[in-house]
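S.K.: Okay, here's the structure, questions in a sec.
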Amino acid sequence: MKSFVDYSSNSDFSIYNIPFGVAVFNKEYIGCCTRIGDQVIDLATLYDLGYFEDIEGLDDNVFEAYTINEFIELGKPVTNAVRTKIQTLLQEGSTLSKDQKTIEEAFYDLDKVKMMMPVHIPNYTDFYSSIEHATNVGKMFRDPANALLPNWKHLPVGYHGRASSIVVSGTEINRPKGQMKPADADKPVFGPCKQLDFELEMAFIINKNTEMGESISTKDAENAIFGMVVFNDWSARDIQSWEYVPLGPFLAKNFGSSISPWVVTLEALEPFRTTSPIQDPEVLDYLKFEGDKNYDINLEVYIQPENGEQNLICESNYKHMYWNMTQQLAHHTVNGCNVEVGDMYASGTISGSDPKSFGSMLELTWRGQNPLSLSDGTERKFIEDNDTVTMKAWAEKDGIRVGFGEVSGKIIPTL
């Protein structure tokens, strides 16, 4: 496919992508949108001008909403038809390519819009599905010879997080404060976190509601997953190490998480499917699956000090995940837990076997023992005030590139 819209060959937002998001246009109104190259397209205007009138099931202008929830709830027969229609409209020689008036009304330069949270997130769950990450953490905090807990290879470990503090890329994050217990102290102290970290993750978004008692099988899971975003699960390591026994993370995680503004559909990621790691021992029947369920998505993490330049500190890949999305959703719902449209499920920190692919400062510096050197001559054991952390994600194969853009967040001092 070739588009009438010019964009660079290394753009994340090729005609093969067609992601969905929400933007403020010209500081005037909010609506759902898509993107190609550096052009953001107002979908509500395209609807009003009749460009989607042939799509069965799209009876109302759901693109006027402040989130994409209403749109994705229509289900894949409708959302896939819309995505395909947009691809057709963006091709050379299309009806839209010759409609200059509509192009002037509906197309915006990227710097003329402000991206918003794309979805309303009723519920958020964070998994722990990278075997390399879990092994590294186990070596650091428990028994190096038995780094994984007994249940880890039998089920996708996860916990319910805080949906209210998930924010869109570009939102500043205050350094959290809380209780910590220094190794040389006999009682806890209170103050700003001293070991602030990022966690490199991806997250998927649900497009349906289920009733209590229902479950979603690995076979049906992909039909319930609309798409994915890049996810930074900010973590306060010193607060976490004191609080996490017996019930797991709490204040160490709920102060903020950041997501990329564009939701990339599973259909756009179809060319990048890849085999999953071998799971040994064999999983229980409800966790078994058929076909390629992992995705070859390149990941990068950068740290930028205030008034400094970006430093590439991590290069990883989503294909490393031991537990895939279909297994995560099947396990989450096997007990009858109901899901809601917009629910978000994060992967857990994504690390590979190479130390350069470790997806957190905790691992990259090995709990601060091996600080990273930045280009300005400073070192980092963890994230400092006024540092900006940026994560990028993209897939590329056979001349097709589909990416997520980036999620970026700046840490500012404690309130």
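Order determines the names: the first chain of the structure tokens is A, the second B, and so forth; residues in each chain are numbered 1 upward, and ligands are numbered 1 upward as they are shown.
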With only C-alpha atoms counted and 7 Å as the cut-off, give the residues of segment 344-412 of chain A in contact with segment 170-176 of chain A, each with its shortest interatomic distance in Å and the pair that gives it, as a tab-separated table.
M.R.:
residue	atom	partner	partner_atom	distance
A:Ser408	CA	A:Gly170	CA	5.4
A:Gly409	CA	A:Gly170	CA	5.3
A:Lys410	CA	A:Glu172	CA	4.9
A:Ile411	CA	A:Ile173	CA	5.0
A:Ile412	CA	A:Asn174	CA	4.9
S.K.: Let's have the selection written as a short mmCIF file (atom, residue, chain, number, x, y, z; two decimals), in the first residue's frame, with C-alpha atoms.
M.R.:
data_model
loop_
_atom_site.label_atom_id
_atom_site.label_comp_id
_atom_site.auth_asym_id
_atom_site.auth_seq_id
_atom_site.Cartn_x
_atom_site.Cartn_y
_atom_site.Cartn_z
CA SER A 408 7.73 9.86 28.16
CA GLY A 409 7.58 11.09 31.74
CA LYS A 410 9.60 13.55 33.81
CA ILE A 411 10.19 13.03 37.52
CA ILE A 412 9.71 16.18 39.55
#
S.K.: Could you give me, as a PyMOL selection string, each residue of segment 107-308 of chain A that DSSP assigns to strand (DSSP E or B) when run on this structure's backbone?
M.R.: chain A and resi 107-109+113-115+124-127+158-160+166-168+173-174+177-180+189-192+196-197+199-206+225-232+235-236+257-259+263-265+273-274+294-295+298-304
S.K.: Write out, as a tab-separated table, each residue of segment 240-268 of chain A that has an atom at most 12 Å from segment 70-87 of chain A, together with the closest pair of atoms and their distance in Å to one decimal, counting only C-alpha atoms, rows going by chain and rising number.
M.R.:
residue	atom	partner	partner_atom	distance
A:Val263	CA	A:Ile72	CA	10.8
A:Val264	CA	A:Arg83	CA	10.8
A:Thr265	CA	A:Asn80	CA	8.9
A:Leu266	CA	A:Asn80	CA	10.0
A:Glu267	CA	A:Asn80	CA	7.8
A:Ala268	CA	A:Arg83	CA	9.3
S.K.: Contacts of Ser260 of chain A at 7 Å or less, counting only C-alpha atoms, minus same-chain residues fewer than 2 places along, as a list in words?
M.R.: Val168, Ser169, Val229, Val230, Phe231, Trp262, Glu406 and Val407 of chain A
S.K.: May I have the residues from that selection written out with N, CA and C atoms, as a compact mmCIF listing (two decimals), in the first residue's frame?
M.R.:
# COMPACT_ATOMS: atom_id res chain seq x y z
N VAL A 168 -1.23 9.79 30.65
CA VAL A 168 -0.72 9.75 29.28
C VAL A 168 0.69 10.33 29.21
N SER A 169 1.42 9.91 28.21
CA SER A 169 2.78 10.38 27.96
C SER A 169 2.86 11.91 28.04
N VAL A 229 -0.53 -0.65 24.14
CA VAL A 229 0.22 0.59 24.34
C VAL A 229 1.55 0.24 25.01
N VAL A 230 2.49 1.20 25.00
CA VAL A 230 3.71 1.08 25.78
C VAL A 230 3.40 1.57 27.19
N PHE A 231 3.94 0.89 28.19
CA PHE A 231 3.55 1.13 29.57
C PHE A 231 4.80 1.27 30.44
N TRP A 262 -1.10 6.35 21.66
CA TRP A 262 -1.68 5.68 20.51
C TRP A 262 -1.88 4.20 20.81
N GLU A 406 6.05 6.89 21.42
CA GLU A 406 6.80 6.81 22.68
C GLU A 406 5.91 7.14 23.87
N VAL A 407 6.37 6.74 25.04
CA VAL A 407 5.81 7.20 26.31
C VAL A 407 6.95 7.85 27.07
S.K.: Using 12 Å as the limit and counting only C-alpha atoms, can you tabulate each residue of segment 131-244 of chain A that touches segment 304-328 of chain A, with its shortest atom-to-atom distance in Å and the two atoms involved, as JSON lines?
M.R.:
{"residue": "A:Ile131", "atom": "CA", "partner": "A:Tyr322", "partner_atom": "CA", "distance": 5.9}
{"residue": "A:Glu132", "atom": "CA", "partner": "A:His320", "partner_atom": "CA", "distance": 8.3}
{"residue": "A:His133", "atom": "CA", "partner": "A:Met321", "partner_atom": "CA", "distance": 9.7}
{"residue": "A:Ala134", "atom": "CA", "partner": "A:Tyr322", "partner_atom": "CA", "distance": 10.4}
{"residue": "A:Thr135", "atom": "CA", "partner": "A:Tyr322", "partner_atom": "CA", "distance": 11.8}
{"residue": "A:Trp152", "atom": "CA", "partner": "A:Trp323", "partner_atom": "CA", "distance": 10.0}
{"residue": "A:Lys153", "atom": "CA", "partner": "A:Tyr322", "partner_atom": "CA", "distance": 8.7}
{"residue": "A:His154", "atom": "CA", "partner": "A:Trp323", "partner_atom": "CA", "distance": 9.9}
{"residue": "A:Leu155", "atom": "CA", "partner": "A:Trp323", "partner_atom": "CA", "distance": 8.3}
{"residue": "A:Pro156", "atom": "CA", "partner": "A:Gln328", "partner_atom": "CA", "distance": 5.9}
{"residue": "A:Val157", "atom": "CA", "partner": "A:Gln328", "partner_atom": "CA", "distance": 8.6}
{"residue": "A:Gly158", "atom": "CA", "partner": "A:Gln328", "partner_atom": "CA", "distance": 8.7}
{"residue": "A:Tyr159", "atom": "CA", "partner": "A:Gln328", "partner_atom": "CA", "distance": 11.5}
{"residue": "A:Phe198", "atom": "CA", "partner": "A:Cys314", "partner_atom": "CA", "distance": 11.4}
{"residue": "A:Glu199", "atom": "CA", "partner": "A:Cys314", "partner_atom": "CA", "distance": 11.0}
{"residue": "A:Leu200", "atom": "CA", "partner": "A:Ser316", "partner_atom": "CA", "distance": 8.9}
{"residue": "A:Glu201", "atom": "CA", "partner": "A:Tyr318", "partner_atom": "CA", "distance": 8.3}
{"residue": "A:Met202", "atom": "CA", "partner": "A:Tyr318", "partner_atom": "CA", "distance": 7.7}
{"residue": "A:Ala203", "atom": "CA", "partner": "A:Met325", "partner_atom": "CA", "distance": 9.1}
{"residue": "A:Phe204", "atom": "CA", "partner": "A:Met325", "partner_atom": "CA", "distance": 7.8}
{"residue": "A:Ile205", "atom": "CA", "partner": "A:Met325", "partner_atom": "CA", "distance": 10.4}
{"residue": "A:Ile206", "atom": "CA", "partner": "A:Met325", "partner_atom": "CA", "distance": 11.2}
{"residue": "A:Ser215", "atom": "CA", "partner": "A:Gln328", "partner_atom": "CA", "distance": 11.9}
{"residue": "A:Ile216", "atom": "CA", "partner": "A:Thr326", "partner_atom": "CA", "distance": 8.9}
{"residue": "A:Ser217", "atom": "CA", "partner": "A:Thr326", "partner_atom": "CA", "distance": 7.6}
{"residue": "A:Thr218", "atom": "CA", "partner": "A:Thr326", "partner_atom": "CA", "distance": 4.7}
{"residue": "A:Lys219", "atom": "CA", "partner": "A:Thr326", "partner_atom": "CA", "distance": 7.5}
{"residue": "A:Asp220", "atom": "CA", "partner": "A:Thr326", "partner_atom": "CA", "distance": 8.1}
{"residue": "A:Ala221", "atom": "CA", "partner": "A:Thr326", "partner_atom": "CA", "distance": 5.2}
{"residue": "A:Glu222", "atom": "CA", "partner": "A:Thr326", "partner_atom": "CA", "distance": 6.6}
{"residue": "A:Asn223", "atom": "CA", "partner": "A:Thr326", "partner_atom": "CA", "distance": 9.9}
{"residue": "A:Ala224", "atom": "CA", "partner": "A:Thr326", "partner_atom": "CA", "distance": 9.5}
{"residue": "A:Ile225", "atom": "CA", "partner": "A:Met325", "partner_atom": "CA", "distance": 8.8}
{"residue": "A:Phe226", "atom": "CA", "partner": "A:Met325", "partner_atom": "CA", "distance": 11.8}
{"residue": "A:Gly227", "atom": "CA", "partner": "A:Met325", "partner_atom": "CA", "distance": 10.9}
{"residue": "A:Met228", "atom": "CA", "partner": "A:Met325", "partner_atom": "CA", "distance": 10.4}
{"residue": "A:Val229", "atom": "CA", "partner": "A:Tyr318", "partner_atom": "CA", "distance": 12.0}
{"residue": "A:Val230", "atom": "CA", "partner": "A:Tyr318", "partner_atom": "CA", "distance": 10.5}
{"residue": "A:Phe231", "atom": "CA", "partner": "A:Tyr318", "partner_atom": "CA", "distance": 11.9}
S.K.: As a VMD selection string, please: the residues near Ile103 of chain A (cut-off 12 Å, only C-alpha atoms, same-chain neighbours under 4 positions excluded).
M.R.: chain A and resid 4 to 5 39 to 43 45 to 46 49 89 to 90 95 to 99 107 to 109
S.K.: Would you mind exporting C-alpha atoms of the selected residues as a CSV table (one decimal), in the first residue's frame?
M.R.:
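For reference, result05.csv as written:
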chain,number,residue,atom,x,y,z
A,4,PHE,CA,-1.1,10.0,-0.6
A,5,VAL,CA,0.2,11.3,2.7
A,39,GLN,CA,-0.7,13.9,10.3
A,40,VAL,CA,-3.4,13.4,12.9
A,41,ILE,CA,-6.9,12.7,11.4
A,42,ASP,CA,-10.1,13.8,13.1
A,43,LEU,CA,-12.4,10.7,12.7
A,45,THR,CA,-15.3,14.9,11.0
A,46,LEU,CA,-14.8,12.0,8.5
A,49,LEU,CA,-18.9,13.8,6.0
A,89,LEU,CA,-9.1,6.2,2.1
A,90,LEU,CA,-5.4,7.0,2.7
A,95,THR,CA,-11.8,9.4,-3.0
A,96,LEU,CA,-10.4,11.2,0.0
A,97,SER,CA,-7.1,11.9,-1.7
A,98,LYS,CA,-9.1,14.1,-4.2
A,99,ASP,CA,-11.2,15.8,-1.5
A,107,PHE,CA,-6.1,16.5,8.8
A,108,TYR,CA,-3.9,18.3,11.4
A,109,ASP,CA,-0.2,18.6,11.8
S.K.: Rank nothing, just name the residue among A:Asn335, A:Thr365, A:Ser241, A:Thr349 nearest to Arg142 of chain A, using only C-alpha atoms.
M.R.: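 Among the listed residues, the smallest separation from Arg142 of chain A belongs to A:Ser241.
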S.K.: Grab the atom CA of Asn254 of chain A to atom CA of Asp197 of chain A distance for me, in Å with one decimal place.
M.R.: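 Distance reported for this atom pair: 13.2 Å.
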S.K.: Please build the interface table for segment 56-132 of chain A against segment 17-22 of chain A with a cut-off of 9 Å, listing for each qualifying residue the nearest atom pair and the distance in Å to one decimal; count only C-alpha atoms, order rows by chain and increasing number, and write it as JSON lines.
M.R.:
{"residue": "A:Phe63", "atom": "CA", "partner": "A:Val22", "partner_atom": "CA", "distance": 8.9}
{"residue": "A:Ala65", "atom": "CA", "partner": "A:Val22", "partner_atom": "CA", "distance": 8.6}
{"residue": "A:Tyr66", "atom": "CA", "partner": "A:Val22", "partner_atom": "CA", "distance": 6.7}
{"residue": "A:Thr67", "atom": "CA", "partner": "A:Val22", "partner_atom": "CA", "distance": 6.2}
{"residue": "A:Ile68", "atom": "CA", "partner": "A:Gly21", "partner_atom": "CA", "distance": 6.9}
{"residue": "A:Arg83", "atom": "CA", "partner": "A:Ile18", "partner_atom": "CA", "distance": 6.4}
{"residue": "A:Thr84", "atom": "CA", "partner": "A:Ile18", "partner_atom": "CA", "distance": 8.7}
{"residue": "A:Ile86", "atom": "CA", "partner": "A:Ile18", "partner_atom": "CA", "distance": 7.5}
{"residue": "A:Gln87", "atom": "CA", "partner": "A:Ile18", "partner_atom": "CA", "distance": 7.2}
{"residue": "A:Lys114", "atom": "CA", "partner": "A:Val22", "partner_atom": "CA", "distance": 8.6}
{"residue": "A:Met115", "atom": "CA", "partner": "A:Val22", "partner_atom": "CA", "distance": 6.1}
{"residue": "A:Met116", "atom": "CA", "partner": "A:Val22", "partner_atom": "CA", "distance": 5.4}
{"residue": "A:Met117", "atom": "CA", "partner": "A:Val22", "partner_atom": "CA", "distance": 6.7}
{"residue": "A:Pro118", "atom": "CA", "partner": "A:Gly21", "partner_atom": "CA", "distance": 4.8}
{"residue": "A:Val119", "atom": "CA", "partner": "A:Gly21", "partner_atom": "CA", "distance": 8.1}
S.K.: From a backbone DSSP assignment, name each residue in segment 157-310 of chain A labelled helix (DSSP H, G or I), as a list in words.
M.R.: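 The helix (DSSP H, G or I) residues within segment 157-310 of chain A come out as Thr218, Lys219, Asp220, Ala221, Glu222, Asn223, Ala224, Arg237, Asp238, Ile239, Gln240, Ser241, Trp242, Glu243, Glu270, Pro271, Phe272, Asp285, Tyr286 and Leu287 of chain A.
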S.K.: List the neighbours of Gln195 of chain A out to 6 Å using only C-alpha atoms; skip same-chain residues closer than 5 positions along the sequence, and give me the result as a ChimeraX atom specification.
M.R.: /A:236-238,382
